[in-house]
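What follows is a single structure, written as structure tokens, with notes after it.
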Amino acid sequence: MEKLGGLFNPSSLEMDAMTDLTVYIIVISAAILGIIAFAVAYIIIRYRKKPGDDTEPYQDFGSLKLEIVWTAIPVAIVAVLFLLTCSTMNVIQPPVKDHEPDLVITGHQWWWEIYYPKSGVVTANELHIPLGKYLLIRLESIDVIHDFWVPELARKIDAVPGHPNYMWIEATKPGVYLGACAEFCGAQHANMRIRVIVENEEEFKEWEKQQLVIPATPRAGLAGEGAKLFQEKACMNCHTIMGTAAAANVGPNLTHLNKRQTIGAGVLTNSPENLAKWLTNPQKYKQGSLMPNMKLSDNDVQALVAYLEALK
Amino acid sequence: MSSRIPIVPENTEPLPRLRENEGMLSWVASVDHKQIGIMYLICCMVFFLIGGLEALLIRIQLAQPEFGFLSPEVYNQMFTMHGTTMIFFVVMPFLIGVGVYLVPLMIGARDMAFPRLNALSFWLFVFGGILIYYSFLTQSGAPDVGWFAYSPLSEKPFSLNKGPTYWALGLLATGIGSVASGLNNVVTILTMRTPGMTMRRLPLFVWMILVTSFLLIFVIPIITSAFAMMLLDRLLGATFFTPAHGGSAILWQHFFWGFGHPEVYILILPAFGIISEVIPVFSRKPIYGYEFVAGSTVAIGLLSLGVWVHHMFAVGLGDVTNLYFSFASMLIAIPTGVKVLNWVATMWGGKIIFATPMLFATAFIIEFVIGGLTGVAIASVPIDWVVTDSYFIVAHFHYALFGGSLFAIFAGVYYWFPKFTGRMMSETLGKWHFWLTVIGFNLTFFIQHFLGMMGMPRRTYTYHDFPYWGSMNLISTIGAIVLAVSVLVFVWNILQSLKRGEKAGGNPWNAWTLEWATTSPPAVHNFDLVPPVRGRRPLWDLAHPDMPDEPDAKVV
Ligand code: HEM
Ligand SMILES: [Cu+2]
């Protein structure tokens, strides 16, 4: 059997707590539903009108005692539920105080910007985090409301323009986790995906070091031609590549694009063929995306792909 | 008996007389509450077919991962219009319409307090619906920002098309009509009851319409002001809801849910009222715990005004705020639970007749309990953080609104159709409709609880091929197709029964409230003679003079 995701595979301290609470609630709810369904089923069998019996049943107007009992029972259930809620919140939301965030994630229509303020790493749509570290994440939005949701790892939290939010997360199992934007944010809300790569401390450090290296700009060959095109065409108006003049923030930072697993916030896996398809007509794969069709010639596409492939 | 001081001034001008002009004009010009009620029901039926078609298109698009049946733009228009239609143009006007038809009859009155205002409310509703649907014909298409139209997405910089403008204008118009309906109901119920019909003898349906009407009066103006601000933003460049220019994105949500949460009780309380009429009649027993059923309605109405932030737990308003609203939301479970138990107790020990209205009422109890229990679950903040904006929520509110409101509406249609038309609906087709609805509904929505817990976000036109997502979504789509068939059976039943249904007579179900004391359909003036009211079940008292409900009650 393939592994189920989401709540069925909690992989962080926070999700463990929330999953436990959900399980309690499901058990309580199932019991209540069971009792009521059983009562109704019993009534249907027992109190059906018999053919030919035209008398009226005993006219019963109610009982104060019973009303008090069945007001008290839900009061007790609600009290328990509320206490459980408070204690779970305590686990998930320790106070922020004057912590500096370890990560700043910014929602854009329809991709995620990721910034590590402590090291200065900037990337997009793929988030690397070390295993077993308590991290404080700050959520922001540049345009409309988005919502950061990686079902196995964390609570949902909105990215609201003008209203930064904070969230703690401590991953407990290594692996790749897929997430998505959960708040409807326009045409391509469905394809605003995110991947979280949880790796052990050394791997993470290694990745971080590599992300800080500014890749050399190719000067010759097809890749060199691509590098020139990138500056000449409108690409640089929207994207950043460290070490070049391109420094805009409308689209994702492409500095280490080659190291990423997907393009278009998860619409295509990252391969030279897919990159070529994307550059030829992004609207075909992500209709409504804010990256326009640049009407590039096949030759230009090949050159740009060669350049982007060189950005390791 | 003290003299009754008329609070509502009498009309000095005569109202247009009915059936003066036969045909269409007698309807269009009508100020008779019964004709207006019927027109509400017909319009709601049309909108229900449209909203259902939109739902079917949504579900077909989601039948497979990465399916290309609808483009993202069209999908977004479909789910926006589906939600908007079902809430504002199906369930809400339907319940208002049933109320308009029945309230005067149930309290033994000749008409609503303000018959012309009643007609205005209806026509504003029609006008709003046409305005919103007209947007499909404009170049930029229908609204596509969700039925809650969160800012700043619904603001000019991010939605240059005109859809959201039509949306706000259309709902503004219907909203004004709804406030007028609410006022009309309150005045009618408080001032036009027949002698002997004290508040404690009011049919429960009328009680629930009364509470609903107060909610309408209190909360619709909230959203009406928000629509006005949104229109100022969109048309005149004000920036109430655009943070980039000093506005607030969250403010819209407070307005929207300050209205939107009570709105879901506006959609469910009259449905509770229908259930509270149907279950006793078909169990042959009085409602169990009348005071508690009525009182819990008032409690729900009051509590519903203070819980809107449970739609905003993920917005980041702080733990204290979230916990307060979490607690208040959970409290609603108490009066709601009381109601459910009283309905079950009413059936207990009865001699139950499972005609179609009772089938729907019984199924309502189970489906609504499922929706209610998931509702309590998501009132808990951490659980909400897990499942909000996922398919779990889609499942939850369809159990409440479809399994709840709509099942009650079906029960009500089968119950009162003989009164509205003079003819019975076909029981055979009714049973087909019932079973197809129950099977289709649960097939469509139960599985969505799991999809949501597995991480499927809502309002997405497509999804990745994760393990089991494709097959679970396919099951859901098959359920939607079964539902579509059930709706066709229902429509067919109505059309057939109108033509050749069995003649109903005044009181085919042997029921007890006043609307059954007149002919079916009722005469223009409603009653030749209103029977004396000496208890909650005037027709029971007439039929059983030896054991009236209130043996000591005096004739008035
Ligand atoms: C005919 C059977 C129905 C089916 C198959 C159906 C299906 C759906 C689906 C699949 C969605 C989710 C769309 C998305 O998230 O992208 C949805 C949303 C919705 N439905 Fe239904 N639905 C049905 C009936 C109803 C009824 C009777 C009501 C209310 C009285 C209703 C109210 C809503 C609302 C308010 C939304 C939310 C729209 C939004 O997210 O903005 N639906 N429906
Ligand atoms: Cu988003």
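Letters A, B, ... go to the chains of the structure tokens in the order shown; residues in each chain start at 1; ligands are counted from 1 in the same order.
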
Pull out every residue of chain A sitting within 7 Å of chain B, counting only C-alpha atoms, and send them as number ranges by chain.
A: 2, 4-8, 18, 22, 25, 29, 33, 37, 40, 43, 47-49, 56-57, 59-63, 70-71, 74-75, 78, 82, 85, 89, 144, 151, 155-158, 161-162, 165, 182-187, 189-190

Within 7 Å of ligand 1, counting only C-alpha atoms and all ligand atoms, residues as an NGL selection string:
:B and (52 or 55-56 or 58-59 or 79-80 or 82-84 or 86-87 or 90-91 or 146-148 or 394 or 398 or 401-402 or 405-406 or 444 or 458-461 or 480 or 483-484)

Best match for closeness to ligand 2 among A:Ile142, A:Ala79, A:Ile44, A:Met15, counting only C-alpha atoms and all ligand atoms:
A:Ile142

What residues in stretch 84-153 of chain A get the DSSP label alpha helix (DSSP H)? Please answer as a ChimeraX atom specification.
/A:84-92

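For the pair atom CA of B:Arg500 and atom CA of B:Ser276, the separation is 29.6 Å.
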
Distance in Å - atom CA of A:Gly288 versus atom CA of A:Gln109:
10.0 Å

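Here the question is which of B:Pro65, B:Gly37, B:Gly129, B:Gly403 gets nearest to B:Ile96 using only C-alpha atoms, and that residue is B:Gly37.
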
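For the set A:Lys209, A:Lys3, A:His146, A:Lys50, the residue with the smallest atom-to-atom gap to ligand 2 is A:His146, counting only C-alpha atoms and all ligand atoms.
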
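With atom CA of B:Val211 on one side and atom CA of A:Ala39 on the other, the separation reads 29.5 Å.
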
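Neighbours of stretch 420-423 of chain B closer than or equal to 7 Å, with only C-alpha atoms counted and sequence neighbours fewer than 6 positions away skipped, come out as Ser497, Leu498, Gly501, Glu502, Lys503, Ala504, Gly505, Ser520 and Pro521 of chain B.
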
Stretch 232-248 of chain A surroundings by only C-alpha atoms, 9 Å radius, close-in-sequence under 3 positions cut, as a PyMOL selection string:
chain A and resi 214-217+227-229+251-256+291+294+311

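Take the candidates B:Asp541, B:Gly260, B:Asn161, B:Gly412 and check each one against B:Phe272 using only C-alpha atoms; the shortest distance goes to B:Gly412.
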
Which residues, written as a VMD selection string, have at least one atom at most 9 Å from A:Pro130, with only C-alpha atoms counted and residues fewer than 5 positions away on the same chain left out?
chain A and resid 170 to 171 174 197 to 205

Could you turn the residues from that selection into a file that holds C-alpha atoms, as an mmCIF file, in the first residue's frame?
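In the end it all went to part33.cif:
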data_model
loop_
_atom_site.group_PDB
_atom_site.id
_atom_site.type_symbol
_atom_site.label_atom_id
_atom_site.label_comp_id
_atom_site.auth_asym_id
_atom_site.auth_seq_id
_atom_site.Cartn_x
_atom_site.Cartn_y
_atom_site.Cartn_z
ATOM 1 C CA GLU A 170 10.450 21.170 14.003
ATOM 2 C CA ALA A 171 10.659 18.351 11.489
ATOM 3 C CA PRO A 174 13.784 13.343 6.842
ATOM 4 C CA ILE A 197 13.329 18.975 1.794
ATOM 5 C CA VAL A 198 14.092 17.878 5.328
ATOM 6 C CA GLU A 199 17.694 16.700 5.599
ATOM 7 C CA ASN A 200 20.139 16.127 8.386
ATOM 8 C CA GLU A 201 22.271 18.944 9.664
ATOM 9 C CA GLU A 202 25.388 18.184 7.548
ATOM 10 C CA GLU A 203 23.441 17.856 4.331
ATOM 11 C CA PHE A 204 21.655 21.089 5.078
ATOM 12 C CA LYS A 205 24.924 22.931 5.825
#

Apply DSSP to the backbone of this structure and, from stretch 53-283 of chain A, keep only the residues in strand (DSSP E or B); write these as an MDAnalysis selection string.
chainID A and resid 103:108 111:116 121:124 126:130 135:141 146:149 157:160 163 165:169 171 175:181 193:199 240 247 262:263 268:269

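Using only C-alpha atoms for every distance, the candidate list A:Lys295, A:Lys97, A:Arg138, A:Arg260 yields A:Lys295 as the residue closest to A:Lys277.
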
Which residue out of A:Gly179, A:Gly52, A:Gly34, A:Pro94 has the minimum interatomic distance to ligand 2 when only C-alpha atoms and all ligand atoms are used?
A:Gly179
